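Peer 1: Got target26.cif for you, mmCIF, C-alpha atoms:
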```
data_data
#
loop_
_atom_site.group_PDB
_atom_site.id
_atom_site.type_symbol
_atom_site.label_atom_id
_atom_site.label_comp_id
_atom_site.auth_asym_id
_atom_site.auth_seq_id
_atom_site.Cartn_x
_atom_site.Cartn_y
_atom_site.Cartn_z
ATOM 1 C CA MET A 1 89.452 89.536 73.917
ATOM 2 C CA ALA A 2 92.397 91.424 72.416
ATOM 3 C CA ASN A 3 94.486 89.602 69.838
ATOM 4 C CA ARG A 4 98.133 88.840 70.525
ATOM 5 C CA ARG A 5 100.135 91.857 69.412
ATOM 6 C CA THR A 6 103.708 92.469 68.269
ATOM 7 C CA PHE A 7 105.959 95.449 68.796
ATOM 8 C CA SER A 8 105.581 96.241 65.094
ATOM 9 C CA ASP A 9 101.803 96.403 65.523
ATOM 10 C CA VAL A 10 102.160 98.799 68.439
ATOM 11 C CA ARG A 11 104.657 101.005 66.641
ATOM 12 C CA ASN A 12 102.269 101.424 63.733
ATOM 13 C CA VAL A 13 99.433 102.349 66.099
ATOM 14 C CA ILE A 14 101.524 104.930 67.956
ATOM 15 C CA LEU A 15 102.789 106.551 64.775
ATOM 16 C CA SER A 16 99.265 106.695 63.360
ATOM 17 C CA ALA A 17 98.158 108.679 66.407
ATOM 18 C CA HIS A 18 100.214 111.638 65.251
ATOM 19 C CA ARG A 19 98.104 111.806 62.103
ATOM 20 C CA ASN A 20 94.929 112.289 64.156
ATOM 21 C CA THR A 21 95.114 115.968 65.087
ATOM 22 C CA ASP A 22 91.409 116.862 65.128
ATOM 23 C CA THR A 23 89.849 116.448 68.584
ATOM 24 C CA GLN A 24 87.088 114.098 67.449
ATOM 25 C CA ASP A 25 89.545 112.074 65.374
ATOM 26 C CA LYS A 26 91.791 111.761 68.414
ATOM 27 C CA VAL A 27 88.919 110.564 70.581
ATOM 28 C CA GLY A 28 87.947 108.072 67.903
ATOM 29 C CA PHE A 29 91.528 106.829 67.803
ATOM 30 C CA TYR A 30 91.503 106.116 71.552
ATOM 31 C CA ASP A 31 88.060 104.518 71.385
ATOM 32 C CA THR A 32 89.386 102.128 68.745
ATOM 33 C CA TRP A 33 92.659 101.515 70.583
ATOM 34 C CA ALA A 34 91.032 100.865 73.961
ATOM 35 C CA GLU A 35 90.664 97.090 73.553
ATOM 36 C CA ASN A 36 94.396 96.607 72.863
ATOM 37 C CA TYR A 37 95.708 99.542 74.908
ATOM 38 C CA GLU A 38 97.031 97.771 77.991
ATOM 39 C CA GLN A 39 98.576 94.937 75.976
ATOM 40 C CA ASP A 40 100.240 97.476 73.689
ATOM 41 C CA VAL A 41 101.687 99.682 76.423
ATOM 42 C CA ALA A 42 103.036 96.559 78.120
ATOM 43 C CA LEU A 43 104.919 95.760 74.906
ATOM 44 C CA LEU A 44 106.285 99.304 74.987
ATOM 45 C CA ASP A 45 107.511 98.845 78.574
ATOM 46 C CA TYR A 46 105.500 101.971 79.336
ATOM 47 C CA ARG A 47 106.549 102.892 82.881
ATOM 48 C CA ALA A 48 105.160 106.426 83.159
ATOM 49 C CA PRO A 49 102.065 105.459 85.220
ATOM 50 C CA LEU A 50 104.176 103.581 87.777
ATOM 51 C CA LEU A 51 106.824 106.300 87.980
ATOM 52 C CA ALA A 52 104.234 109.034 88.427
ATOM 53 C CA ALA A 53 102.513 107.027 91.166
ATOM 54 C CA GLU A 54 105.864 106.549 92.898
ATOM 55 C CA CYS A 55 106.467 110.280 92.677
ATOM 56 C CA VAL A 56 103.163 111.046 94.396
ATOM 57 C CA SER A 57 103.654 108.313 96.981
ATOM 58 C CA SER A 58 107.123 109.528 97.944
ATOM 59 C CA PHE A 59 105.872 113.026 98.790
ATOM 60 C CA TYR A 60 102.351 112.526 100.102
ATOM 61 C CA LYS A 61 102.536 111.902 103.855
ATOM 62 C CA GLY A 62 98.881 112.365 104.795
ATOM 63 C CA ASP A 63 95.963 109.969 105.222
ATOM 64 C CA ARG A 64 95.785 107.854 102.065
ATOM 65 C CA GLU A 65 92.704 105.829 102.901
ATOM 66 C CA ASN A 66 90.223 108.709 103.021
ATOM 67 C CA ILE A 67 91.417 111.229 100.437
ATOM 68 C CA THR A 68 90.249 111.338 96.810
ATOM 69 C CA VAL A 69 92.557 111.311 93.799
ATOM 70 C CA LEU A 70 91.448 112.970 90.553
ATOM 71 C CA ASP A 71 92.913 110.954 87.674
ATOM 72 C CA VAL A 72 92.812 113.236 84.621
ATOM 73 C CA ALA A 73 93.063 111.514 81.214
ATOM 74 C CA CYS A 74 92.736 108.285 83.184
ATOM 75 C CA GLY A 75 92.544 105.966 80.187
ATOM 76 C CA THR A 76 91.991 102.388 81.329
ATOM 77 C CA GLY A 77 93.122 103.141 84.891
ATOM 78 C CA LEU A 78 96.833 102.310 84.900
ATOM 79 C CA VAL A 79 97.852 105.200 87.178
ATOM 80 C CA SER A 80 95.125 104.620 89.748
ATOM 81 C CA ALA A 81 95.904 100.896 89.796
ATOM 82 C CA HIS A 82 99.446 101.691 90.929
ATOM 83 C CA LEU A 83 98.260 104.263 93.459
ATOM 84 C CA LYS A 84 95.835 101.695 94.874
ATOM 85 C CA LYS A 85 98.758 99.388 95.629
ATOM 86 C CA MET A 86 100.430 102.292 97.435
ATOM 87 C CA GLY A 87 97.561 102.767 99.842
ATOM 88 C CA PHE A 88 95.253 105.229 98.090
ATOM 89 C CA HIS A 89 91.627 104.093 97.954
ATOM 90 C CA HIS A 90 89.329 106.694 96.376
ATOM 91 C CA PHE A 91 89.546 107.731 92.722
ATOM 92 C CA VAL A 92 87.599 109.829 90.232
ATOM 93 C CA GLY A 93 88.448 109.289 86.568
ATOM 94 C CA VAL A 94 88.171 111.813 83.732
ATOM 95 C CA ASP A 95 88.760 110.997 80.074
ATOM 96 C CA GLY A 96 87.493 111.990 76.644
ATOM 97 C CA SER A 97 87.248 108.435 75.330
ATOM 98 C CA LEU A 98 84.169 106.401 76.221
ATOM 99 C CA GLY A 99 86.000 103.284 75.087
ATOM 100 C CA MET A 100 88.757 103.901 77.626
ATOM 101 C CA LEU A 101 86.276 104.792 80.377
ATOM 102 C CA GLU A 102 84.299 101.581 79.803
ATOM 103 C CA LEU A 103 87.441 99.553 80.431
ATOM 104 C CA ALA A 104 88.355 101.688 83.443
ATOM 105 C CA LYS A 105 84.921 100.946 84.936
ATOM 106 C CA LYS A 106 85.665 97.236 84.831
ATOM 107 C CA THR A 107 88.641 97.693 87.165
ATOM 108 C CA GLY A 108 86.383 98.644 90.075
ATOM 109 C CA LEU A 109 88.882 101.326 91.085
ATOM 110 C CA TYR A 110 86.818 104.435 90.468
ATOM 111 C CA GLU A 111 83.930 105.839 92.450
ATOM 112 C CA GLN A 112 82.973 108.269 89.681
ATOM 113 C CA PHE A 113 83.638 108.741 85.978
ATOM 114 C CA LYS A 114 83.361 111.918 83.975
ATOM 115 C CA GLN A 115 83.699 112.175 80.211
ATOM 116 C CA CYS A 116 85.357 115.395 79.132
ATOM 117 C CA LEU A 117 87.217 116.572 76.038
ATOM 118 C CA LEU A 118 90.070 118.192 77.915
ATOM 119 C CA GLY A 119 90.872 121.675 76.680
ATOM 120 C CA GLN A 120 87.606 121.861 74.781
ATOM 121 C CA ASP A 121 85.226 121.260 77.695
ATOM 122 C CA SER A 122 85.779 122.581 81.210
ATOM 123 C CA LEU A 123 87.028 120.012 83.690
ATOM 124 C CA PRO A 124 83.710 118.752 85.173
ATOM 125 C CA VAL A 125 84.718 118.710 88.828
ATOM 126 C CA GLU A 126 84.223 120.894 91.881
ATOM 127 C CA ALA A 127 86.824 123.462 92.860
ATOM 128 C CA ALA A 128 89.247 122.603 95.673
ATOM 129 C CA ALA A 129 87.818 119.080 95.996
ATOM 130 C CA TYR A 130 90.838 116.782 95.594
ATOM 131 C CA GLU A 131 93.989 116.245 97.620
ATOM 132 C CA ILE A 132 95.822 114.813 94.606
ATOM 133 C CA VAL A 133 95.292 115.606 90.921
ATOM 134 C CA ILE A 134 97.372 113.637 88.448
ATOM 135 C CA ILE A 135 97.729 113.560 84.666
ATOM 136 C CA VAL A 136 100.047 111.100 82.918
ATOM 137 C CA GLY A 137 100.763 110.754 79.214
ATOM 138 C CA ALA A 138 98.386 113.431 77.947
ATOM 139 C CA LEU A 139 100.402 116.646 78.234
ATOM 140 C CA SER A 140 102.087 116.698 74.845
ATOM 141 C CA VAL A 141 101.685 118.229 71.419
ATOM 142 C CA GLY A 142 98.490 117.137 69.679
ATOM 143 C CA GLN A 143 96.992 115.767 72.892
ATOM 144 C CA VAL A 144 95.701 117.979 75.725
ATOM 145 C CA PRO A 145 95.912 121.804 75.505
ATOM 146 C CA LEU A 146 97.745 123.602 78.296
ATOM 147 C CA THR A 147 94.581 125.338 79.465
ATOM 148 C CA VAL A 148 93.874 122.216 81.529
ATOM 149 C CA ILE A 149 96.758 123.100 83.891
ATOM 150 C CA ARG A 150 94.932 125.972 85.548
ATOM 151 C CA GLU A 151 91.775 123.856 85.760
ATOM 152 C CA MET A 152 93.717 121.129 87.544
ATOM 153 C CA TRP A 153 95.011 123.657 90.058
ATOM 154 C CA GLU A 154 91.463 124.869 90.643
ATOM 155 C CA ALA A 155 90.348 121.299 91.379
ATOM 156 C CA THR A 156 93.065 120.739 93.989
ATOM 157 C CA LYS A 157 92.629 121.437 97.684
ATOM 158 C CA PRO A 158 95.032 123.916 99.328
ATOM 159 C CA GLY A 159 98.067 121.921 100.414
ATOM 160 C CA GLY A 160 97.310 119.152 97.947
ATOM 161 C CA TYR A 161 99.469 118.012 95.046
ATOM 162 C CA VAL A 162 99.337 118.176 91.259
ATOM 163 C CA CYS A 163 101.490 115.631 89.427
ATOM 164 C CA MET A 164 102.078 116.019 85.687
ATOM 165 C CA THR A 165 104.222 114.316 83.077
ATOM 166 C CA THR A 166 105.391 115.456 79.673
ATOM 167 C CA ARG A 167 107.611 113.961 77.010
ATOM 168 C CA GLY A 168 111.097 115.032 75.996
ATOM 169 C CA ASN A 169 110.716 114.058 72.324
ATOM 170 C CA ALA A 170 112.178 116.543 69.864
ATOM 171 C CA ASP A 171 108.738 117.285 68.423
ATOM 172 C CA ASN A 172 107.406 118.102 71.903
ATOM 173 C CA LEU A 173 110.016 120.663 72.971
ATOM 174 C CA GLU A 174 107.933 123.696 72.004
ATOM 175 C CA TYR A 175 105.006 122.311 73.999
ATOM 176 C CA LYS A 176 107.301 121.799 76.987
ATOM 177 C CA VAL A 177 108.480 125.392 76.820
ATOM 178 C CA GLU A 178 104.884 126.609 76.910
ATOM 179 C CA LEU A 179 104.115 124.188 79.732
ATOM 180 C CA GLU A 180 106.995 125.600 81.733
ATOM 181 C CA LYS A 181 105.683 129.123 81.172
ATOM 182 C CA MET A 182 102.243 128.115 82.409
ATOM 183 C CA ILE A 183 103.711 126.486 85.514
ATOM 184 C CA LYS A 184 105.862 129.517 86.233
ATOM 185 C CA THR A 185 102.932 131.896 85.774
ATOM 186 C CA LEU A 186 100.872 130.031 88.358
ATOM 187 C CA GLU A 187 103.831 130.056 90.710
ATOM 188 C CA GLU A 188 104.235 133.816 90.292
ATOM 189 C CA GLU A 189 100.515 134.193 91.037
ATOM 190 C CA ASP A 190 101.133 132.332 94.304
ATOM 191 C CA LYS A 191 98.827 129.531 93.207
ATOM 192 C CA TRP A 192 101.332 126.785 93.974
ATOM 193 C CA ARG A 193 104.980 126.057 94.624
ATOM 194 C CA ARG A 194 107.230 123.531 92.961
ATOM 195 C CA VAL A 195 108.061 120.461 95.002
ATOM 196 C CA THR A 196 110.211 118.589 92.516
ATOM 197 C CA VAL A 197 110.940 118.124 88.824
ATOM 198 C CA VAL A 198 112.386 114.746 87.876
ATOM 199 C CA GLU A 199 113.721 113.525 84.547
ATOM 200 C CA VAL A 200 113.481 109.836 83.760
ATOM 201 C CA GLU A 201 115.315 108.093 80.946
ATOM 202 C CA GLU A 202 114.092 104.545 80.475
ATOM 203 C CA TRP A 203 110.348 104.922 80.577
ATOM 204 C CA GLU A 204 109.232 103.545 77.207
ATOM 205 C CA ARG A 205 110.603 101.780 74.152
ATOM 206 C CA ALA A 206 111.078 104.036 71.139
ATOM 207 C CA VAL A 207 108.780 103.656 68.146
ATOM 208 C CA SER A 208 110.165 106.046 65.517
ATOM 209 C CA GLN A 209 113.042 105.358 63.171
ATOM 210 C CA GLN A 210 115.046 108.075 64.900
ATOM 211 C CA ASP A 211 114.490 106.568 68.344
ATOM 212 C CA ASP A 212 115.886 103.042 68.265
ATOM 213 C CA GLY A 213 115.446 101.728 71.785
ATOM 214 C CA TYR A 214 116.115 103.764 74.883
ATOM 215 C CA LEU A 215 118.207 106.895 74.474
ATOM 216 C CA LYS A 216 120.827 107.262 77.170
ATOM 217 C CA ASN A 217 122.267 110.709 76.505
ATOM 218 C CA HIS A 218 121.128 113.683 78.555
ATOM 219 C CA LYS A 219 122.164 117.256 79.197
ATOM 220 C CA GLU A 220 125.486 117.504 80.964
ATOM 221 C CA GLY A 221 125.139 118.111 84.671
ATOM 222 C CA VAL A 222 121.522 116.976 84.948
ATOM 223 C CA LYS A 223 121.026 113.728 86.773
ATOM 224 C CA THR A 224 118.271 111.301 85.915
ATOM 225 C CA SER A 225 116.216 109.064 88.141
ATOM 226 C CA LYS A 226 114.542 105.686 87.739
ATOM 227 C CA GLY A 227 112.675 105.914 91.025
ATOM 228 C CA PHE A 228 111.863 108.214 93.881
ATOM 229 C CA GLY A 229 113.433 106.550 96.892
ATOM 230 C CA GLU A 230 115.962 109.351 97.354
ATOM 231 C CA LYS A 231 115.620 113.095 97.025
ATOM 232 C CA ASP A 232 118.240 114.520 94.702
ATOM 233 C CA SER A 233 118.511 118.306 94.603
ATOM 234 C CA GLU A 234 120.005 118.221 91.148
ATOM 235 C CA VAL A 235 116.748 117.048 89.618
ATOM 236 C CA CYS A 236 114.754 119.850 91.223
ATOM 237 C CA GLY A 237 113.894 122.970 89.249
ATOM 238 C CA TYR A 238 113.104 123.503 85.597
ATOM 239 C CA LYS A 239 115.743 121.393 83.889
ATOM 240 C CA PHE A 240 114.577 119.847 80.650
ATOM 241 C CA THR A 241 116.666 117.660 78.383
ATOM 242 C CA ILE A 242 116.464 117.392 74.612
ATOM 243 C CA SER A 243 116.757 113.613 74.464
ATOM 244 C CA ARG A 244 113.741 112.173 72.670
ATOM 245 C CA LEU A 245 112.835 109.558 75.238
ATOM 246 C CA HIS A 246 113.088 111.593 78.401
ATOM 247 C CA LEU A 247 109.991 111.937 80.538
ATOM 248 C CA THR A 248 109.740 114.904 82.881
ATOM 249 C CA PHE A 249 107.692 114.845 86.065
ATOM 250 C CA LEU A 250 106.571 117.930 87.932
ATOM 251 C CA LEU A 251 105.024 117.758 91.380
ATOM 252 C CA ALA A 252 103.503 121.011 92.662
ATOM 253 C CA ALA A 253 101.788 121.846 95.942
ATOM 254 C CA PRO A 254 98.835 124.197 95.296
ATOM 255 C CA ARG A 255 98.045 127.039 97.631
ATOM 256 C CA TYR A 256 95.660 129.949 97.418
ATOM 257 C CA SER A 257 96.895 133.510 97.254
ATOM 258 C CA SER A 258 96.524 135.510 100.443
ATOM 259 C CA GLN A 259 95.133 138.399 98.380
#
```
Just give me the structure of the file as structure tokens.

Peer 2:
Amino acid sequence: MANRRTFSDVRNVILSAHRNTDTQDKVGFYDTWAENYEQDVALLDYRAPLLAAECVSSFYKGDRENITVLDVACGTGLVSAHLKKMGFHHFVGVDGSLGMLELAKKTGLYEQFKQCLLGQDSLPVEAAAYEIVIIVGALSVGQVPLTVIREMWEATKPGGYVCMTTRGNADNLEYKVELEKMIKTLEEEDKWRRVTVVEVEEWERAVSQQDDGYLKNHKEGVKTSKGFGEKDSEVCGYKFTISRLHLTFLLAAPRYSSQ
């Protein structure tokens, strides 16, 4: 059983993650962290899994009971747990950490598990097999390479959805720019179309000395959202803030080119 943790403990763990840049070191970090992961993210008020699930739920109007969701970088299963409460029933989990996958298995949520070092190994799933593909918390500098984006599109059925999150931390801005380019390239290739881009402020407690608590400031003229009950046109499109604790969600509907 995990020991009782403090916010100081969690902060030290999170900051240490940035020192693990080698792929195997990163996997080892998550294997070690797995036992305390859910307790730690609760201390951080980590809301990204819930917010991403709400984003998917607000747009997906089809049959939820019979479709399959591909949960990429699934960790211990936080995203799928929220989606389950929203009426989705079938999940496949992919992660590079065996420690995380072992805990995800205990949830009973997933019908299949696949270990994969994202960006190093090809995504081990069939093409056009999933109505929803989701990745939360892994698209950032030092985590998952952007090559996984095209693989996620390939795994999604025509008319399905891909939901992605990325951080607005200052050290992640270059990654976000490249992510935007990748998304735009696939759109220009007629692979998918954007459905919405949403910026969320209060999604996690800050851990660095520069980020003391939630940051409230955001780019002038760009609204933020704490939920997805209403559609707001001003959060659609590629609008990224520079505030360190902003989380950006993109929801795209894949489609195959007519060529």

Peer 1: Return the single residue from A:Leu51, A:Leu98, A:Leu70, A:Val27 that is closest to A:Glu199, with distances computed using all atoms listed in the file.

Peer 2: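 Smallest distance to A:Glu199 is found for A:Leu51.
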
Peer 1: Report, in Å to a single decimal, how far apart atom CA of A:Leu118 and atom CA of A:Asp22 are.

Peer 2: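 Atom CA of A:Asp22 sits 12.9 Å away from atom CA of A:Leu118.
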
Peer 1: For the PyMOL selection byres ((chain A and resi 88-90) around 12), applied here, can you spell out every residue it catches as a ChimeraX atom specification?

Peer 2: /A:53-54,56-57,60-71,79-87,91-93,108-112,130-132

Peer 1: Tell me which protein, DNA and RNA residues are within 8 Å of A:Met152, counting only C-alpha atoms, leaving out same-chain ones fewer than 6 positions away, and put them as a list in words.

Peer 2: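 Answer for this query is Leu123, Val133 and Val162 of chain A.
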
Peer 1: Find the spatial neighbours of A:Val94, counting all atoms listed in the file, within a cut-off of 7 Å - ignore same-chain residues fewer than 2 positions away - and output them as JSON, numbers by chain.

Peer 2: {"A": [71, 72, 73, 74, 92, 113, 114, 115, 116]}

Peer 1: Take the residues from that selection and write them out as a PDB file, in the frame of the given file, keeping C-alpha atoms.

Peer 2:
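Heads up, here's the output in result.pdb:
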```
ATOM      1  CA  ASP A  71      92.913 110.954  87.674  1.00  0.00           C
ATOM      2  CA  VAL A  72      92.812 113.236  84.621  1.00  0.00           C
ATOM      3  CA  ALA A  73      93.063 111.514  81.214  1.00  0.00           C
ATOM      4  CA  CYS A  74      92.736 108.285  83.184  1.00  0.00           C
ATOM      5  CA  VAL A  92      87.599 109.829  90.232  1.00  0.00           C
ATOM      6  CA  PHE A 113      83.638 108.741  85.978  1.00  0.00           C
ATOM      7  CA  LYS A 114      83.361 111.918  83.975  1.00  0.00           C
ATOM      8  CA  GLN A 115      83.699 112.175  80.211  1.00  0.00           C
ATOM      9  CA  CYS A 116      85.357 115.395  79.132  1.00  0.00           C
TER      10      CYS A 116
END
```
